[in-house]
Every structure is written in structure tokens, then in C-alpha cells.
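**Q** What follows is the file final-v7.cif, containing mmCIF, C-alpha atoms:
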```cif
data_entry
loop_
_atom_site.label_atom_id
_atom_site.label_comp_id
_atom_site.auth_asym_id
_atom_site.auth_seq_id
_atom_site.Cartn_x
_atom_site.Cartn_y
_atom_site.Cartn_z
CA MET A 1 34.86 187.55 424.08
CA LYS A 2 31.76 189.54 425.06
CA ILE A 3 29.54 187.26 422.93
CA ALA A 4 31.00 184.17 424.61
CA LYS A 5 30.37 185.64 428.08
CA ASN A 6 26.77 186.47 427.11
CA MET A 7 26.24 182.93 425.82
CA ILE A 8 27.53 181.46 429.06
CA HIS A 9 25.32 183.81 431.09
CA VAL A 10 22.20 183.10 429.01
CA HIS A 11 22.67 179.33 429.14
CA ALA A 12 23.82 179.10 432.75
CA GLY A 13 20.26 178.45 433.91
CA SER A 14 19.45 176.00 431.11
CA LEU A 15 18.66 172.40 431.81
CA PRO A 16 21.71 170.14 431.63
CA CYS A 17 22.24 167.52 428.96
CA THR A 18 20.80 164.12 429.76
CA THR A 19 21.49 160.64 428.49
CA GLY A 20 19.12 157.80 427.84
CA LYS A 21 18.99 154.33 426.31
CA VAL A 22 17.44 154.23 422.83
CA LEU A 23 14.27 152.12 422.94
CA ALA A 24 13.12 152.73 419.35
CA SER A 25 13.98 154.95 416.40
CA ALA A 26 12.09 155.87 413.24
CA ASP A 27 11.20 158.86 411.10
CA ARG A 28 14.07 161.09 412.37
CA ARG A 29 13.02 160.60 416.02
CA ILE A 30 14.04 158.32 418.86
CA ALA A 31 12.32 157.12 422.00
CA ALA A 32 14.77 157.00 424.90
CA ALA A 33 14.48 155.98 428.54
CA SER A 34 16.31 158.16 431.06
CA SER A 35 16.00 159.18 434.70
CA ASN A 36 13.24 161.57 433.51
CA GLY A 37 11.18 158.68 432.08
CA THR A 38 10.61 157.68 428.47
CA GLN A 39 10.39 160.52 425.96
CA GLN A 40 10.60 161.10 422.20
CA PHE A 41 13.23 163.38 420.69
CA ALA A 42 14.13 164.70 417.25
CA ILE A 43 17.57 163.66 415.97
CA ILE A 44 20.07 166.43 415.15
CA THR A 45 22.58 165.73 412.36
CA PRO A 46 24.71 167.79 410.00
CA LYS A 47 22.94 168.48 406.69
CA GLY A 48 23.49 165.64 404.25
CA LEU A 49 24.04 163.03 406.97
CA ASP A 50 21.30 160.70 408.10
CA TYR A 51 21.39 157.84 410.57
CA VAL A 52 19.09 155.73 412.67
CA PRO A 53 20.45 154.86 416.13
CA GLN A 54 20.27 151.24 417.13
CA MET A 55 18.51 149.89 420.21
CA ASP A 56 20.35 150.29 423.53
CA ASP A 57 22.70 153.04 422.24
CA ASP A 58 23.33 155.79 424.80
CA SER A 59 21.77 158.94 423.36
CA ILE A 60 22.89 162.44 424.32
CA VAL A 61 19.89 164.76 424.70
CA ILE A 62 20.15 168.56 424.92
CA PRO A 63 17.52 171.22 425.65
CA THR A 64 16.83 173.71 422.83
CA GLU A 65 14.34 176.47 422.16
CA LYS A 66 12.28 173.94 420.16
CA GLY A 67 12.33 171.25 422.86
CA LYS A 68 14.80 168.51 423.71
CA MET A 69 16.71 166.93 420.84
CA CYS A 70 19.02 163.96 420.44
CA LEU A 71 22.47 165.38 419.66
CA GLY A 72 24.04 162.01 418.98
CA ILE A 73 25.06 158.68 420.35
CA ARG A 74 27.80 158.22 422.93
CA ARG A 75 30.59 156.03 421.63
CA VAL A 76 32.77 154.36 424.22
CA GLU A 77 35.14 152.52 421.93
CA ASN A 78 37.37 153.60 419.07
CA LEU A 79 36.67 150.72 416.66
CA TYR A 80 39.08 151.92 413.97
CA ASN A 81 41.82 153.41 416.17
CA ILE A 82 41.33 156.77 414.51
CA LEU A 83 43.53 159.67 415.56
CA PRO A 84 42.47 163.26 416.30
CA GLY A 85 41.42 164.83 412.97
CA GLU A 86 40.50 161.51 411.37
CA MET A 87 36.97 160.30 410.68
CA ALA A 88 35.26 156.91 410.42
CA LEU A 89 31.86 156.21 408.89
CA TYR A 90 30.64 152.65 409.33
CA SER A 91 27.52 150.53 409.29
CA LEU A 92 26.01 148.15 411.81
CA ASN A 93 28.08 144.98 412.24
CA ASP A 94 30.93 146.58 410.25
CA ALA A 95 29.41 145.50 406.90
CA CYS A 96 31.07 148.53 405.27
CA SER A 97 33.20 151.49 406.28
CA ILE A 98 34.92 154.63 405.00
CA ILE A 99 37.85 155.98 407.00
CA LEU A 100 39.47 159.37 406.28
CA LYS A 101 43.09 159.37 407.46
CA ASN A 102 45.26 162.40 408.30
CA ASP A 103 47.84 161.36 405.68
CA GLY A 104 45.25 161.74 402.88
CA ARG A 105 44.34 158.06 402.52
CA ILE A 106 40.68 157.06 402.22
CA LEU A 107 40.10 153.48 403.35
CA VAL A 108 36.94 151.88 401.95
CA SER A 109 35.66 148.40 402.75
CA GLY A 110 32.47 146.64 401.67
CA ARG A 111 30.71 146.19 398.33
CA LEU A 112 31.29 149.15 396.00
CA ILE A 113 28.33 149.89 393.73
CA ILE A 114 28.41 152.93 391.44
CA ASN A 115 25.41 153.77 389.24
CA GLY A 116 24.05 150.25 389.73
CA HIS A 117 27.31 148.48 388.78
CA GLU A 118 29.37 146.56 391.31
CA TYR A 119 33.16 146.92 391.18
CA THR A 120 35.70 144.52 392.68
CA GLY A 121 39.45 145.15 392.63
CA GLY A 122 39.08 147.88 390.02
CA GLU A 123 37.15 145.60 387.65
CA GLU A 124 33.44 145.80 386.98
CA SER A 125 31.67 142.54 387.82
CA SER A 126 28.68 141.33 385.90
#
```
Let me see the file written as C-alpha cells.

**A**
Amino acid sequence: MKIAKNMIHVHAGSLPCTTGKVLASADRRIAAASSNGTQQFAIITPKGLDYVPQMDDDSIVIPTEKGKMCLGIRRVENLYNILPGEMALYSLNDACSIILKNDGRILVSGRLIINGHEYTGGEESS
């Protein structure tokens, strides 16, 4: 409880989060236009996850000790009707997706290639 109060006190004077439209993205950075002008930001992701935001996405930018960073992209629609606790990973234009469901199902769509071999319907294709 004391730690939480200290965190709130320390960050009370911090700059607020801002949003901006992604103008370009490359090399783990984005350029975004916001009310503060156009700036470049590093992209923050969990370890092992990489993505490149697409143009015109709404980025969420937060201040940190190392400068402002893009926390993620604001999603306004629930494309896969996922429920709380579920997760969807998908590509641009829905070319492929992986959906983790609360009941333990894993829904995979798209071309499945393992160690250079493509599989369709449980059979390896040549």
C-alpha cells in the first residue's frame, strides 16, 4: 500500500500520455504526429514479441525516464469477439491469426509451415 502511494505521488507531476497517428515505422521506432508535433519514439513490447505498427494507427505514447516511448496501438474494434482473458494475434488484412480461448481451444488460421514444410488438414503437402 505504501509503495503504491509513493508511486502515485512520484508520478503525479509526470507528463500525461499522449496519442498520435503513426506516420512511419521502422527499426523498432515510429514517427507519430500529435498535438505536440511530429516526433520519433521507441516501441515498447513484451520480450519475444515484435511488431511494426501500420500507417494511421493511433499510437499511445508515455513519458519514461529514457524519453517518450510508444506503448502500443489503440484498438477500437474487437475483430475476433474475444472475451476477457482471451487473446488474439493476427496479421495485416487477416492473412493469418492465432486465437487463445478461455476454454483451452487454440484457433489457428492461415498457412501452417513447420521447419520449411507446409501442412494442410494434418497432411504434409509437397

**Q** Under the rule of at most 9 Å, produce a per-residue listing of region 47-118 of chain A near region 30-34 of chain A: chain, number, name, the closest pair of atoms, and the distance in Å, as a tab-separated table, using all atoms listed in the file.

**A**
```
residue	atom	partner	partner_atom	distance
A:Val52	CA	A:Ile30	CA	8.4
A:Pro53	CA	A:Ile30	CA	7.8
A:Asp56	CA	A:Ala32	CA	8.8
A:Asp58	CA	A:Ala32	CA	8.6
A:Ser59	CA	A:Ala32	CA	7.4
A:Cys70	CA	A:Ile30	CA	7.7
```

**Q** Applied to this file, what does the PyMOL selection byres ((chain A and resi 36) around 12) return in terms of residues, put as a PDB file with C-alpha atoms, keeping the file's coordinate frame?

**A**
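Okay, this is what ended up in part18.pdb:
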```pdb
ATOM      1  CA  CYS A  17      22.240 167.520 428.960  1.00  0.00           C
ATOM      2  CA  THR A  18      20.800 164.120 429.760  1.00  0.00           C
ATOM      3  CA  THR A  19      21.490 160.640 428.490  1.00  0.00           C
ATOM      4  CA  GLY A  20      19.120 157.800 427.840  1.00  0.00           C
ATOM      5  CA  LYS A  21      18.990 154.330 426.310  1.00  0.00           C
ATOM      6  CA  ALA A  32      14.770 157.000 424.900  1.00  0.00           C
ATOM      7  CA  ALA A  33      14.480 155.980 428.540  1.00  0.00           C
ATOM      8  CA  SER A  34      16.310 158.160 431.060  1.00  0.00           C
ATOM      9  CA  SER A  35      16.000 159.180 434.700  1.00  0.00           C
ATOM     10  CA  GLY A  37      11.180 158.680 432.080  1.00  0.00           C
ATOM     11  CA  THR A  38      10.610 157.680 428.470  1.00  0.00           C
ATOM     12  CA  GLN A  39      10.390 160.520 425.960  1.00  0.00           C
ATOM     13  CA  GLN A  40      10.600 161.100 422.200  1.00  0.00           C
ATOM     14  CA  VAL A  61      19.890 164.760 424.700  1.00  0.00           C
TER      15      VAL A  61
END
```

**Q** List every protein, DNA or RNA residue that has an atom no more than 12 Å from (10.4, 160.0, 409.6) in the file's coordinate frame, counting only C-alpha atoms, and report them as a PyMOL selection string.

**A** chain A and resi 25-30+41-43+50-52

**Q** Next, the residues of the selection above should be written as an mmCIF file, in the coordinates of the input with C-alpha atoms.

**A**
```cif
data_model
loop_
_atom_site.group_PDB
_atom_site.id
_atom_site.type_symbol
_atom_site.label_atom_id
_atom_site.label_comp_id
_atom_site.auth_asym_id
_atom_site.auth_seq_id
_atom_site.Cartn_x
_atom_site.Cartn_y
_atom_site.Cartn_z
ATOM 1 C CA SER A 25 13.980 154.950 416.400
ATOM 2 C CA ALA A 26 12.090 155.870 413.240
ATOM 3 C CA ASP A 27 11.200 158.860 411.100
ATOM 4 C CA ARG A 28 14.070 161.090 412.370
ATOM 5 C CA ARG A 29 13.020 160.600 416.020
ATOM 6 C CA ILE A 30 14.040 158.320 418.860
ATOM 7 C CA PHE A 41 13.230 163.380 420.690
ATOM 8 C CA ALA A 42 14.130 164.700 417.250
ATOM 9 C CA ILE A 43 17.570 163.660 415.970
ATOM 10 C CA ASP A 50 21.300 160.700 408.100
ATOM 11 C CA TYR A 51 21.390 157.840 410.570
ATOM 12 C CA VAL A 52 19.090 155.730 412.670
#
```

**Q** Find the distance between CA of Gly85 (chain A) and CA of Gly104 (chain A) and write it in Å to one decimal.

**A**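 For CA of Gly85 (chain A) relative to CA of Gly104 (chain A), the distance reads 11.2 Å.
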
**Q** Have a look at CA of Ile73 (chain A) and CA of Gln54 (chain A) and let me know their distance in Å, one decimal.

**A** 9.4 Å

**Q** Skipping near chain neighbours, those fewer than 2 positions away, what residues fall within 9 Å of Ser97 (chain A) using all atoms listed in the file, listed as a PyMOL selection string?

**A** chain A and resi 88-91+94-95+99+107-110

**Q** I need the residue nearest Leu79 (chain A) from this list: A:Tyr119, A:Gly48, A:Asn93, A:Lys66. Use all atoms listed in the file for the distance.

**A** A:Asn93

**Q** If you measure from CA of Met69 (chain A) to CA of Thr45 (chain A), what distance in Å do you get, rounded to one decimal?

**A**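 Interatomic distance here is 10.4 Å.
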
**Q** Can you list, as a list in words, every protein, DNA or RNA residue that comes within 10 Å of Thr120 (chain A) when you count all atoms listed in the file, leaving out same-chain residues fewer than 5 positions away?

**A**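 Using all atoms listed in the file, the neighbours found are Gly110, Arg111, Leu112, Ile113 and Ser125 of chain A.
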
**Q** Selected by the PyMOL selection byres ((chain A and resi 83) around 12) in the shown coordinates: which residues, as a ChimeraX atom specification?

**A** /A:78-82,84-88,99-103
